[in-house]
Amino acid sequence: MSKRYSVIKGFRDILPPESEQWRQIEEKARRLFQCFGFREVRLPILESTELFTRGIGAATDIVAKEMYTFADRKGRSISLRPEGTASLVRAYLEANLEQRGPQKLFYAGPMFRYERPQKGRYRQFYQLGVEALGWVGPAVDAEIMAMLRLLFEQLEVKKAVLEINSLGCRECRPAYREKLVAFLRGVKAELCEDSQRRVEENPLRVLDCKEEKCRALTAAAPSVLDFLCEACRAHFEGLKKYLELWETPYRVNPRIVRGLDYYMRTAFEYLAEDGLGAQNAIAAGGRYDGLVEELGGPAVPGVGFAMGLERLALLVTQPSEAEPALDYFIVYTEKQKEQALKILMFLRNKGHRVEMYMEEEPKSLKAQMKLAGKMAKETVIIADEEISRRMAKKKNMKTGEEVLVEVIFPNGDFKYEKPVWTVEG
Ligand code: HAM
């Protein structure tokens with residue numbers, strides 16, 4: 001026997017019926033995003049490594065530890081995208097979209113991070129993300145959070161809790177950072193190894209550490225919200241006002257810091273209260289007012305989020321395989337095989353999901369009926385006697401109910417686009 005191959009660790013195959021559930025989720029999300037004025041962009045999966053180093057930040061875990069980076073055949077450093085925001089801003093600038101005024105864009109597709117795989121955390125995962133570029137005020141921040149709330153309602157995802165925070169801006173964050181570092185130095189020796197390293201490199205992320213010990217040690221850390229400048233405070237108050245207006249419940253959590261350096265002011269996460277375990281962020285995002293400039297563009301503000309499809313799918317009721325995948329299964333006598341093949345194409349062309357047994361070896365009606373029972377909601381029986389009367393029998397496989405339907409072949413021509421299926425169950 002030849003060798004068999006396995007999928008790479010942390011990667012997954014999405015098979016039916018899960019793939020069908022994903023499609024339904026994506027369709028609902030796309031429709032809703034469009035109702036909110038977002039238009040789709042399709043972005044490449046590979047980008048120059050520097051785009052992410054500059055965009056996301058060299059000291060972040062994503063860039064320092066988690067990127068799939070390699071040299072292409074000419075020795076240029078390229079990376080599989082770990083997220084979509086930096087790519088989207090690159091595309092936006094490359095197409096000079098800033099000249100067309102504010103833009104609302106969305107994207108969907110796989111992202112790659114070399115993280116330790118666990119439930120809800122994979123090395124290739126799918127995101128649906130939106131970015132609104134060119135809006136300064138807090139209304140659009142609240143709008144995308146309200147949009148997510150509506151999506152969760154439509155998908156019947158319960159217990160998704162919105163947590164919001166403000167990370168301040170270039171004006172007020174340095175003073176907070178200084179106070180935080182001073183506090184953290186006091187407890188540094190007792191922090192976990194990762195947090196110790198972060199105290200100087202990326203102190204805000206210490207607040208994000210999942211270790212109980214670190215959480216307890218930082219419980220009394222200064223809160224970013226006490227250091228906001230007037231403009232940031234007004235923005236945060238505005239955000240809350242709009243969330244209330246749109247009946248989008250939220251919780252303020254001053255420990256939300258996010259793992260990407262581009263955030264400024266608003267940061268938020270939708271967390272699943274149960275069903276996901278440790279990886280409980282379904283969607284996350286915030287405002288990144290300095291990023292467009294950082295990537296060589298003008299001072300255009302931005303705000304957005306990305307939602308993890310694997311995590312969302314875990315929270316949406318799984319479709320059951322018990323439900324047959326086909327509308328019809330055609331069963332035929334050997335003499336009527338050509339008729340059946342024509343009717344098969346005709347029905348498919350009309351938009352029905354139809355199958356029949358197509359191998360050369362004949363199969364008894366009974367054996368075909370058995371297949372039909374497994375695969376379809378209804379069986380269409382093409383038998384000698386009925387066809388001579390231009391009829392076919394349709395049988396509901398659940399109730400056993402049978403009806404005769406007329407199959408008309410004008411001019412005696414048996415081309416499959418000609419027959420007319422006159423009785424629709
Ligand atoms: P992020 O928090 O890194 O943000 O990822 C957003 C969401 O992607 C997470 O909340 C989670 O649902 C999903 N996700 C992240 N990593 C994994 C993983 N390893 N396995 C499965 N799902 C995962 C961003 O990516 C930002 N670009 C979001 C954003 C857009 N901010 C502004 N605009």
# chains A, B, ... in the order shown; residues from 1 in each chain; ligands from 1

$ residues_around --residues "Gly400 in chain A" --least-positions-apart "6" --cutoff "10 Å" --atoms "only C-alpha atoms" --output "PyMOL selection string"
chain A and resi 378-379+394

$ write_last_selection --atoms "C-alpha atoms" --output "mmCIF file, in the first residue's frame"
data_model
loop_
_atom_site.group_PDB
_atom_site.id
_atom_site.type_symbol
_atom_site.label_atom_id
_atom_site.label_comp_id
_atom_site.auth_asym_id
_atom_site.auth_seq_id
_atom_site.Cartn_x
_atom_site.Cartn_y
_atom_site.Cartn_z
ATOM 1 C CA GLU A 378 -38.156 12.704 -2.717
ATOM 2 C CA THR A 379 -37.800 10.003 -5.350
ATOM 3 C CA LYS A 394 -42.918 11.263 -7.182
#

$ residues_near_ligand --ligand "ligand 1" --cutoff "8 Å" --atoms "only C-alpha atoms and all ligand atoms" --output "PyMOL selection string"
chain A and resi 82-86+112-115+117+120-127+129-131+258-260+263+269-270+279-288+302-312

$ closest_residue --among "A:Leu180, A:Ile343, A:Met397, A:Val252" --to "Ala219 in chain A" --atoms "only C-alpha atoms"
A:Leu180

$ select_by_dssp --residues "range 278-402 of chain A" --states "strand (DSSP E)" --output "NGL selection string"
:A and (281-287 or 302-308 or 326-332 or 354-356 or 376-382 or 391-396 or 402)

$ residues_around --residues "range 204-213 of chain A" --least-positions-apart "6" --cutoff "12 Å" --atoms "only C-alpha atoms" --output "MDAnalysis selection string"
chainID A and resid 59:61 167:168 173:174 176:181 183:185 187:198 219:224 253:261 263 278:280

$ select_by_dssp --residues "range 203-402 of chain A" --states "helix (DSSP H, G or I)" --output "VMD selection string"
chain A and resid 203 to 208 212 to 217 224 to 227 230 to 245 291 to 294 309 to 315 334 to 349 365 to 375 384 to 388

$ atom_distance --atom1 "CA of Cys169 in chain A" --atom2 "CA of Asp226 in chain A"
13.2 Å

$ residues_around --residues "Lys363 in chain A" --least-positions-apart "3" --cutoff "10 Å" --atoms "only C-alpha atoms" --output "PyMOL selection string"
chain A and resi 331-334+357-360+366-369

$ residues_around --residues "His235 in chain A" --least-positions-apart "4" --cutoff "9 Å" --atoms "only C-alpha atoms" --output "VMD selection string"
chain A and resid 137 to 138 166 230 to 231 239 to 240 265 to 266

$ write_last_selection --atoms "N, CA and C atoms" --output "PDB file, in the first residue's frame"
ATOM      1  N   GLY A 137     -14.923  60.088  14.140  1.00  0.00           N
ATOM      2  CA  GLY A 137     -15.728  60.049  15.365  1.00  0.00           C
ATOM      3  C   GLY A 137     -16.078  58.639  15.798  1.00  0.00           C
ATOM      4  N   PRO A 138     -16.712  58.521  16.971  1.00  0.00           N
ATOM      5  CA  PRO A 138     -16.980  57.196  17.550  1.00  0.00           C
ATOM      6  C   PRO A 138     -18.203  56.486  16.972  1.00  0.00           C
ATOM      7  N   SER A 166     -10.553  51.781  25.959  1.00  0.00           N
ATOM      8  CA  SER A 166      -9.833  52.766  25.150  1.00  0.00           C
ATOM      9  C   SER A 166      -8.364  52.643  25.503  1.00  0.00           C
ATOM     10  N   GLU A 230      -8.390  64.486  27.027  1.00  0.00           N
ATOM     11  CA  GLU A 230      -9.765  64.961  26.839  1.00  0.00           C
ATOM     12  C   GLU A 230     -10.394  64.390  25.570  1.00  0.00           C
ATOM     13  N   ALA A 231      -9.618  64.410  24.482  1.00  0.00           N
ATOM     14  CA  ALA A 231     -10.160  63.941  23.191  1.00  0.00           C
ATOM     15  C   ALA A 231     -10.478  62.442  23.258  1.00  0.00           C
ATOM     16  N   LEU A 239     -18.656  56.728  22.112  1.00  0.00           N
ATOM     17  CA  LEU A 239     -18.837  55.312  21.742  1.00  0.00           C
ATOM     18  C   LEU A 239     -19.936  54.683  22.603  1.00  0.00           C
ATOM     19  N   LYS A 240     -19.858  54.913  23.898  1.00  0.00           N
ATOM     20  CA  LYS A 240     -20.842  54.313  24.810  1.00  0.00           C
ATOM     21  C   LYS A 240     -22.253  54.837  24.511  1.00  0.00           C
ATOM     22  N   ARG A 265      -7.034  54.413  20.816  1.00  0.00           N
ATOM     23  CA  ARG A 265      -8.405  54.624  21.336  1.00  0.00           C
ATOM     24  C   ARG A 265      -9.166  53.294  21.421  1.00  0.00           C
ATOM     25  N   THR A 266     -10.292  53.192  20.708  1.00  0.00           N
ATOM     26  CA  THR A 266     -11.189  52.046  20.881  1.00  0.00           C
ATOM     27  C   THR A 266     -10.521  50.677  20.676  1.00  0.00           C
TER      28      THR A 266
END

$ residues_around --residues "Ala299 in chain A" --least-positions-apart "4" --cutoff "9 Å" --atoms "only C-alpha atoms" --output "compact mmCIF listing (two decimals) with C-alpha atoms, in the first residue's frame"
# COMPACT_ATOMS: atom_id res chain seq x y z
CA GLY A 134 -11.79 57.87 6.92
CA ASP A 289 -5.70 55.95 13.55
CA GLY A 290 -1.91 55.96 12.96
CA LEU A 291 -1.64 52.88 10.74
CA VAL A 292 -2.27 54.43 7.33
CA GLU A 293 0.52 56.95 7.98

$ atom_distance --atom1 "CA of Lys159 in chain A" --atom2 "CA of Leu32 in chain A"
20.1 Å

$ atom_distance --atom1 "CA of Glu47 in chain A" --atom2 "CA of Ser79 in chain A"
5.7 Å

$ closest_residue --among "A:Ala383, A:Leu43, A:Ala139, A:Ala372" --to "Asn396 in chain A" --atoms "only C-alpha atoms"
A:Ala372

$ residues_around --residues "Met147 in chain A" --least-positions-apart "2" --cutoff "10 Å" --atoms "only C-alpha atoms" --output "PDB file with all heavy atoms, in the first residue's frame"
ATOM      1  N   ALA A  29     -23.293  36.851   6.934  1.00  0.00           N
ATOM      2  CA  ALA A  29     -22.374  37.940   7.299  1.00  0.00           C
ATOM      3  C   ALA A  29     -22.196  38.892   6.106  1.00  0.00           C
ATOM      4  O   ALA A  29     -22.292  40.118   6.255  1.00  0.00           O
ATOM      5  CB  ALA A  29     -21.033  37.376   7.735  1.00  0.00           C
ATOM      6  N   LEU A  32     -25.229  41.081   5.614  1.00  0.00           N
ATOM      7  CA  LEU A  32     -25.341  42.114   6.645  1.00  0.00           C
ATOM      8  C   LEU A  32     -24.271  43.195   6.457  1.00  0.00           C
ATOM      9  O   LEU A  32     -24.562  44.391   6.536  1.00  0.00           O
ATOM     10  CB  LEU A  32     -25.227  41.471   8.029  1.00  0.00           C
ATOM     11  CG  LEU A  32     -25.514  42.397   9.196  1.00  0.00           C
ATOM     12  CD1 LEU A  32     -26.979  42.835   9.209  1.00  0.00           C
ATOM     13  CD2 LEU A  32     -25.185  41.713  10.528  1.00  0.00           C
ATOM     14  N   PHE A  33     -23.034  42.776   6.191  1.00  0.00           N
ATOM     15  CA  PHE A  33     -21.966  43.763   5.987  1.00  0.00           C
ATOM     16  C   PHE A  33     -22.346  44.703   4.838  1.00  0.00           C
ATOM     17  O   PHE A  33     -22.103  45.903   4.887  1.00  0.00           O
ATOM     18  CB  PHE A  33     -20.625  43.081   5.664  1.00  0.00           C
ATOM     19  CG  PHE A  33     -20.023  42.276   6.793  1.00  0.00           C
ATOM     20  CD1 PHE A  33     -18.854  41.540   6.603  1.00  0.00           C
ATOM     21  CD2 PHE A  33     -20.608  42.249   8.057  1.00  0.00           C
ATOM     22  CE1 PHE A  33     -18.289  40.794   7.642  1.00  0.00           C
ATOM     23  CE2 PHE A  33     -20.058  41.495   9.102  1.00  0.00           C
ATOM     24  CZ  PHE A  33     -18.896  40.767   8.878  1.00  0.00           C
ATOM     25  N   CYS A  35     -25.346  45.489   3.912  1.00  0.00           N
ATOM     26  CA  CYS A  35     -26.405  46.399   4.381  1.00  0.00           C
ATOM     27  C   CYS A  35     -25.806  47.582   5.135  1.00  0.00           C
ATOM     28  O   CYS A  35     -26.394  48.657   5.178  1.00  0.00           O
ATOM     29  CB  CYS A  35     -27.384  45.666   5.298  1.00  0.00           C
ATOM     30  SG  CYS A  35     -28.384  44.457   4.442  1.00  0.00           S
ATOM     31  N   PHE A  36     -24.654  47.372   5.726  1.00  0.00           N
ATOM     32  CA  PHE A  36     -23.981  48.452   6.448  1.00  0.00           C
ATOM     33  C   PHE A  36     -23.021  49.227   5.537  1.00  0.00           C
ATOM     34  O   PHE A  36     -22.230  50.030   6.017  1.00  0.00           O
ATOM     35  CB  PHE A  36     -23.211  47.885   7.653  1.00  0.00           C
ATOM     36  CG  PHE A  36     -24.075  47.683   8.875  1.00  0.00           C
ATOM     37  CD1 PHE A  36     -24.983  46.645   8.953  1.00  0.00           C
ATOM     38  CD2 PHE A  36     -23.977  48.557   9.955  1.00  0.00           C
ATOM     39  CE1 PHE A  36     -25.774  46.460  10.083  1.00  0.00           C
ATOM     40  CE2 PHE A  36     -24.761  48.380  11.095  1.00  0.00           C
ATOM     41  CZ  PHE A  36     -25.664  47.328  11.156  1.00  0.00           C
ATOM     42  N   ALA A 142     -19.043  52.305  17.072  1.00  0.00           N
ATOM     43  CA  ALA A 142     -20.234  51.682  17.660  1.00  0.00           C
ATOM     44  C   ALA A 142     -21.023  50.931  16.589  1.00  0.00           C
ATOM     45  O   ALA A 142     -21.581  49.856  16.852  1.00  0.00           O
ATOM     46  CB  ALA A 142     -21.117  52.749  18.302  1.00  0.00           C
ATOM     47  N   GLU A 143     -21.044  51.491  15.392  1.00  0.00           N
ATOM     48  CA  GLU A 143     -21.811  50.888  14.295  1.00  0.00           C
ATOM     49  C   GLU A 143     -21.331  49.463  14.002  1.00  0.00           C
ATOM     50  O   GLU A 143     -22.137  48.542  13.833  1.00  0.00           O
ATOM     51  CB  GLU A 143     -21.654  51.776  13.056  1.00  0.00           C
ATOM     52  CG  GLU A 143     -22.465  51.346  11.871  1.00  0.00           C
ATOM     53  CD  GLU A 143     -22.169  52.188  10.637  1.00  0.00           C
ATOM     54  OE1 GLU A 143     -21.037  52.725  10.525  1.00  0.00           O
ATOM     55  OE2 GLU A 143     -23.062  52.310   9.793  1.00  0.00           O
ATOM     56  N   ILE A 144     -20.012  49.265  13.956  1.00  0.00           N
ATOM     57  CA  ILE A 144     -19.531  47.908  13.634  1.00  0.00           C
ATOM     58  C   ILE A 144     -19.765  46.939  14.802  1.00  0.00           C
ATOM     59  O   ILE A 144     -19.974  45.753  14.590  1.00  0.00           O
ATOM     60  CB  ILE A 144     -18.052  47.889  13.163  1.00  0.00           C
ATOM     61  CG1 ILE A 144     -17.096  48.457  14.214  1.00  0.00           C
ATOM     62  CG2 ILE A 144     -17.902  48.625  11.839  1.00  0.00           C
ATOM     63  CD1 ILE A 144     -15.618  48.340  13.827  1.00  0.00           C
ATOM     64  N   MET A 145     -19.782  47.470  16.015  1.00  0.00           N
ATOM     65  CA  MET A 145     -20.087  46.597  17.162  1.00  0.00           C
ATOM     66  C   MET A 145     -21.567  46.214  17.138  1.00  0.00           C
ATOM     67  O   MET A 145     -21.933  45.068  17.429  1.00  0.00           O
ATOM     68  CB  MET A 145     -19.751  47.299  18.477  1.00  0.00           C
ATOM     69  CG  MET A 145     -18.273  47.621  18.611  1.00  0.00           C
ATOM     70  SD  MET A 145     -17.930  48.488  20.168  1.00  0.00           S
ATOM     71  CE  MET A 145     -16.416  49.352  19.729  1.00  0.00           C
ATOM     72  N   ARG A 149     -23.432  42.503  16.766  1.00  0.00           N
ATOM     73  CA  ARG A 149     -24.532  42.086  17.633  1.00  0.00           C
ATOM     74  C   ARG A 149     -25.691  41.545  16.787  1.00  0.00           C
ATOM     75  O   ARG A 149     -26.254  40.493  17.066  1.00  0.00           O
ATOM     76  CB  ARG A 149     -24.962  43.275  18.512  1.00  0.00           C
ATOM     77  CG  ARG A 149     -26.320  43.226  19.134  1.00  0.00           C
ATOM     78  CD  ARG A 149     -26.475  42.222  20.248  1.00  0.00           C
ATOM     79  NE  ARG A 149     -25.365  42.273  21.206  1.00  0.00           N
ATOM     80  CZ  ARG A 149     -24.957  41.250  21.962  1.00  0.00           C
ATOM     81  NH1 ARG A 149     -25.585  40.096  21.902  1.00  0.00           N
ATOM     82  NH2 ARG A 149     -23.949  41.367  22.781  1.00  0.00           N
ATOM     83  N   LEU A 150     -26.025  42.266  15.702  1.00  0.00           N
ATOM     84  CA  LEU A 150     -27.111  41.814  14.826  1.00  0.00           C
ATOM     85  C   LEU A 150     -26.759  40.482  14.173  1.00  0.00           C
ATOM     86  O   LEU A 150     -27.608  39.597  14.050  1.00  0.00           O
ATOM     87  CB  LEU A 150     -27.394  42.860  13.735  1.00  0.00           C
ATOM     88  CG  LEU A 150     -27.985  44.182  14.190  1.00  0.00           C
ATOM     89  CD1 LEU A 150     -28.242  45.087  12.995  1.00  0.00           C
ATOM     90  CD2 LEU A 150     -29.291  43.973  14.962  1.00  0.00           C
ATOM     91  N   LEU A 151     -25.510  40.340  13.768  1.00  0.00           N
ATOM     92  CA  LEU A 151     -25.105  39.084  13.132  1.00  0.00           C
ATOM     93  C   LEU A 151     -25.259  37.917  14.113  1.00  0.00           C
ATOM     94  O   LEU A 151     -25.807  36.865  13.761  1.00  0.00           O
ATOM     95  CB  LEU A 151     -23.651  39.168  12.641  1.00  0.00           C
ATOM     96  CG  LEU A 151     -23.129  37.894  11.968  1.00  0.00           C
ATOM     97  CD1 LEU A 151     -23.896  37.612  10.672  1.00  0.00           C
ATOM     98  CD2 LEU A 151     -21.641  37.976  11.687  1.00  0.00           C
ATOM     99  N   PHE A 152     -24.821  38.128  15.348  1.00  0.00           N
ATOM    100  CA  PHE A 152     -24.948  37.043  16.336  1.00  0.00           C
ATOM    101  C   PHE A 152     -26.422  36.717  16.572  1.00  0.00           C
ATOM    102  O   PHE A 152     -26.782  35.557  16.744  1.00  0.00           O
ATOM    103  CB  PHE A 152     -24.257  37.413  17.652  1.00  0.00           C
ATOM    104  CG  PHE A 152     -22.766  37.614  17.498  1.00  0.00           C
ATOM    105  CD1 PHE A 152     -22.071  38.512  18.302  1.00  0.00           C
ATOM    106  CD2 PHE A 152     -22.054  36.914  16.537  1.00  0.00           C
ATOM    107  CE1 PHE A 152     -20.695  38.703  18.149  1.00  0.00           C
ATOM    108  CE2 PHE A 152     -20.675  37.099  16.374  1.00  0.00           C
ATOM    109  CZ  PHE A 152     -20.007  37.994  17.184  1.00  0.00           C
ATOM    110  N   GLU A 153     -27.261  37.734  16.572  1.00  0.00           N
ATOM    111  CA  GLU A 153     -28.702  37.484  16.737  1.00  0.00           C
ATOM    112  C   GLU A 153     -29.224  36.664  15.570  1.00  0.00           C
ATOM    113  O   GLU A 153     -29.938  35.684  15.756  1.00  0.00           O
ATOM    114  CB  GLU A 153     -29.460  38.810  16.807  1.00  0.00           C
ATOM    115  CG  GLU A 153     -29.587  39.319  18.238  1.00  0.00           C
ATOM    116  CD  GLU A 153     -30.135  40.736  18.285  1.00  0.00           C
ATOM    117  OE1 GLU A 153     -30.945  41.120  17.413  1.00  0.00           O
ATOM    118  OE2 GLU A 153     -29.722  41.463  19.197  1.00  0.00           O
ATOM    119  N   TRP A 246     -28.085  52.182  20.036  1.00  0.00           N
ATOM    120  CA  TRP A 246     -28.367  51.017  19.184  1.00  0.00           C
ATOM    121  C   TRP A 246     -28.595  49.740  19.994  1.00  0.00           C
ATOM    122  O   TRP A 246     -28.520  48.633  19.454  1.00  0.00           O
ATOM    123  CB  TRP A 246     -27.230  50.821  18.171  1.00  0.00           C
ATOM    124  CG  TRP A 246     -27.316  51.791  17.019  1.00  0.00           C
ATOM    125  CD1 TRP A 246     -28.433  52.162  16.341  1.00  0.00           C
ATOM    126  CD2 TRP A 246     -26.227  52.511  16.415  1.00  0.00           C
ATOM    127  NE1 TRP A 246     -28.120  53.060  15.351  1.00  0.00           N
ATOM    128  CE2 TRP A 246     -26.773  53.297  15.367  1.00  0.00           C
ATOM    129  CE3 TRP A 246     -24.854  52.565  16.648  1.00  0.00           C
ATOM    130  CZ2 TRP A 246     -25.995  54.124  14.560  1.00  0.00           C
ATOM    131  CZ3 TRP A 246     -24.080  53.375  15.841  1.00  0.00           C
ATOM    132  CH2 TRP A 246     -24.639  54.157  14.808  1.00  0.00           C
ATOM    133  N   THR A 248     -26.938  48.015  22.126  1.00  0.00           N
ATOM    134  CA  THR A 248     -25.875  47.020  22.057  1.00  0.00           C
ATOM    135  C   THR A 248     -25.201  46.950  23.426  1.00  0.00           C
ATOM    136  O   THR A 248     -24.406  47.819  23.766  1.00  0.00           O
ATOM    137  CB  THR A 248     -24.855  47.438  20.966  1.00  0.00           C
ATOM    138  OG1 THR A 248     -25.566  47.623  19.744  1.00  0.00           O
ATOM    139  CG2 THR A 248     -23.780  46.393  20.778  1.00  0.00           C
TER     140      THR A 248
END
